[in-house]
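Below is one structure; the comments refer to it alone.
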Amino acid sequence: MKVYVLTTFSDLGLAEPILRAVTAEGYETPTPIQATVIPAMLAGRDVLGIAQTGTGKTAAFVLPLLDAIARGGRRPAARQCGALILVPTRELAQQVAESVRTYGQFTRHTVAVVVGGAKHGPQIRALARGVDILVATPGRLEDHLSAGVVSLERATTVVLDEADQMLDLGFMPAIRRILGKLPRPRRTMLLSATMPPPIRELARAFQTDPAEIAVTPVSRPVEAIDQSVVHVPSADKRALLADYLRGDAVDRALVFTRTKRGADKVMQHLDKAGVSSAAIHGNKSQGQRERALQAFRSGGVRVLVATDIAARGLDIDGVTHVVNYELPNVPEAYVHRIGRTARAGRSGIAITLCDPTERKLLRDIERLIGRSLAVAANDDATVRAVAAGDHGAARFAPSTMTEAFDDAPESGDDATRREPRSRGPKPVAKRQHRKGPRRQRTKAPSRGQRLDDASPRTGLERMLGNLG
Ligand code: AMP
């Protein structure tokens, strides 16, 4: 049996000490935002993204910074810094610095925190020696800049985290002044929970051809989706899939695989089986992706085979079926996948083909959604009946499973607790206003628990308009 492996941290090209640190943290796979942002940053690109807390965004920008240091980047001279991370609050500054220390535990590096409300002396001393990574709030940084305590002349990267909160707090003029002091060329990364015009304007003024990233919160599956699972050996999946898709009820189906190669293979197999399909994944050019989407949207092909990254944010009318040909490694991806159907008030059908090696992934999904999936027998007749919407053909898994989940948390975090969004202008990454500290981080969540969704987009405007 062929085992396909999801992108790993080493696939991303990170240096060994960084890989060791993420392993020590218990991370198995990069979160979607990490899988997208890290390669872009390693390639020296600017990044513009809508991203909230809980997506793994901190590691997405910290790991590439540490990578450069691990690869023997020059030590900063006195009063210089190599990279600057601007954040709105002291708490966040401390938290980001803590992440730098954690992910940099096997990399020789220096990090300093410069925030208001703290004594100047220790900050001045830390800066005097020069630091690799400086985490700062804008006000105090400006104080130190004008006092000549630190210079940004040799910084190669700047990250603006939670940019819209910095805007709300009135930091925009300071940020513009600070950015004006940074040399070019440099990498500029801008992350924001929302994208109001002043932030877009900032990006236009200070970034060059940024990679654009969208991170959306995970919602719980809509009730209108009939969900079931077929337990099937891996070797039988292809034949079963083709049979399922041949059913008359299948008007427009999205088939998800874990890997790009897997998507291509499924498409080839379907073609041989007489089911015309298109594939969309990260290795396809933008033109190919758009053509595949167009064929699917227009009904030229009834089936689109996709990986998670490529399918993120897709808003296609009339998807009647979602097939999980392979289970996703992170359970939230299941919610995203099946959310591609039952849109705009319609119903939809989602079926998951689960081989014995995927049982644990299935359990993780069932825990996340708080229910067990109905089990359809692994025979063509049942599978076709399920495809036609006859969920009586599937029986519900033993109720003990459901009971076991009664104790399970509602969902991973605020982001995953959102109700399904309706169609129309949607609250993309609408900031959650909280009282008290913006983030309260304890330990890393269990794997995959808070991992949201990222996608490279061709235009931020489109993303704001379309994402669903
Ligand atoms: P952030 O969005 O940066 O606030 O990160 C949210 C949480 O996700 C933090 O507690 C991280 O420790 C955790 N985290 C970050 N990356 C991963 C990963 N690849 N796998 C599992 N957990 C992660």
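We label chains A, B, ... in the order they appear in the structure tokens, count residues from 1 in each chain, and number ligands from 1 in the order shown.
All residues within region 231-260 of chain A that the backbone DSSP calculation assigns to strand (DSSP E or B) are His231, Ala253, Leu254, Val255, Phe256 and Thr257 of chain A.
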Practice item. Taking the DSSP assignment computed from this structure's backbone, write out as JSON, numbers by chain all residues of region 75-319 of chain A that belong to alpha helix (DSSP H). Key: {"A": [90, 91, 92, 93, 94, 95, 96, 97, 98, 99, 100, 101, 102, 103, 120, 121, 122, 123, 124, 125, 126, 127, 128, 138, 139, 140, 141, 142, 143, 144, 145, 146, 163, 164, 165, 166, 167, 168, 172, 173, 174, 175, 176, 177, 178, 179, 180, 181, 197, 198, 199, 200, 201, 202, 203, 204, 205, 206, 237, 238, 239, 240, 241, 242, 243, 244, 245, 246, 260, 261, 262, 263, 264, 265, 266, 267, 268, 269, 270, 271, 272, 286, 287, 288, 289, 290, 291, 292, 293, 294, 295, 296, 297, 298, 308, 309, 310, 311]}
**Study point:** Shell around region 257-264 of chain A at 8 Å using only C-alpha atoms, local window under 2 positions removed, as an MDAnalysis selection string
**Key:** chainID A and resid 4:6 255 266:268 279:283 305:308 324:329
Review point. Within 10 Å of Val135 (chain A), counting only C-alpha atoms, which residues qualify if same-chain residues fewer than 5 places away don't, as a VMD selection string?
Key: chain A and resid 83 to 87 90 92 to 97 100 111 to 115 141 158 to 159
Could you give me, as a tab-separated table (two decimals) with N, CA and C atoms, in the first residue's frame, the residues within 6 Å of region 289-304 of chain A, counting only C-alpha atoms and dropping anything in the same chain fewer than 2 positions from it?
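Dumped everything to part-v6.tsv:
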```
chain	number	residue	atom	x	y	z
A	252	ARG	N	-22.39	17.45	-8.73
A	252	ARG	CA	-21.11	18.17	-8.69
A	252	ARG	C	-20.38	17.72	-7.41
A	253	ALA	N	-19.26	17.05	-7.58
A	253	ALA	CA	-18.58	16.46	-6.41
A	253	ALA	C	-17.16	16.96	-6.28
A	254	LEU	N	-16.80	17.23	-5.04
A	254	LEU	CA	-15.42	17.57	-4.73
A	254	LEU	C	-14.81	16.38	-4.01
A	276	SER	N	-15.22	11.94	-15.87
A	276	SER	CA	-14.32	13.05	-16.20
A	276	SER	C	-14.16	13.95	-14.98
A	277	SER	N	-12.93	14.35	-14.76
A	277	SER	CA	-12.66	15.16	-13.57
A	277	SER	C	-11.54	16.14	-13.88
A	278	ALA	N	-11.34	17.06	-12.98
A	278	ALA	CA	-10.20	17.97	-13.06
A	278	ALA	C	-9.53	17.93	-11.69
A	279	ALA	N	-8.26	18.31	-11.66
A	279	ALA	CA	-7.56	18.31	-10.36
A	279	ALA	C	-7.01	19.70	-10.08
A	280	ILE	N	-6.99	20.00	-8.81
A	280	ILE	CA	-6.47	21.32	-8.42
A	280	ILE	C	-5.62	21.13	-7.17
A	286	GLN	N	-1.15	28.77	-11.69
A	286	GLN	CA	-2.37	29.54	-11.44
A	286	GLN	C	-3.35	29.36	-12.60
A	287	GLY	N	-2.80	29.34	-13.82
A	287	GLY	CA	-3.65	29.19	-15.00
A	287	GLY	C	-4.37	27.84	-14.99
```
**Study point:** Pick from A:Pro183, A:Gly56, A:Gly339, A:Pro64 nearest to ligand 1, counting only C-alpha atoms and all ligand atoms
**Key:** A:Gly56
Practice item. To one decimal in Å, tell me the separation between CA of His231 (chain A) and CA of Thr320 (chain A). Key: 21.6 Å
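Taking CA of Met189 (chain A) and CA of Val47 (chain A) as the two end points, the separation is 4.6 Å.
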**Study point:** For ligand 1, the nearest of the candidates A:Leu66, A:Ala51, A:Ala15, A:Ile316, counting only C-alpha atoms and all ligand atoms
**Key:**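 Comparing A:Leu66, A:Ala51, A:Ala15, A:Ile316 against ligand 1, the winner is A:Ala51.
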Check your understanding: Of the candidates A:Asn378, A:Thr157, A:Thr58, A:Thr23, which one gets nearest to ligand 1 if we count only C-alpha atoms and all ligand atoms?
Key -> A:Thr58
Review point. What is the distance, in Å and to one decimal place, between atom 16 (N, counted along the ligand's line) of ligand 1 and CA of Thr29 (chain A)?
Key: 8.2 Å
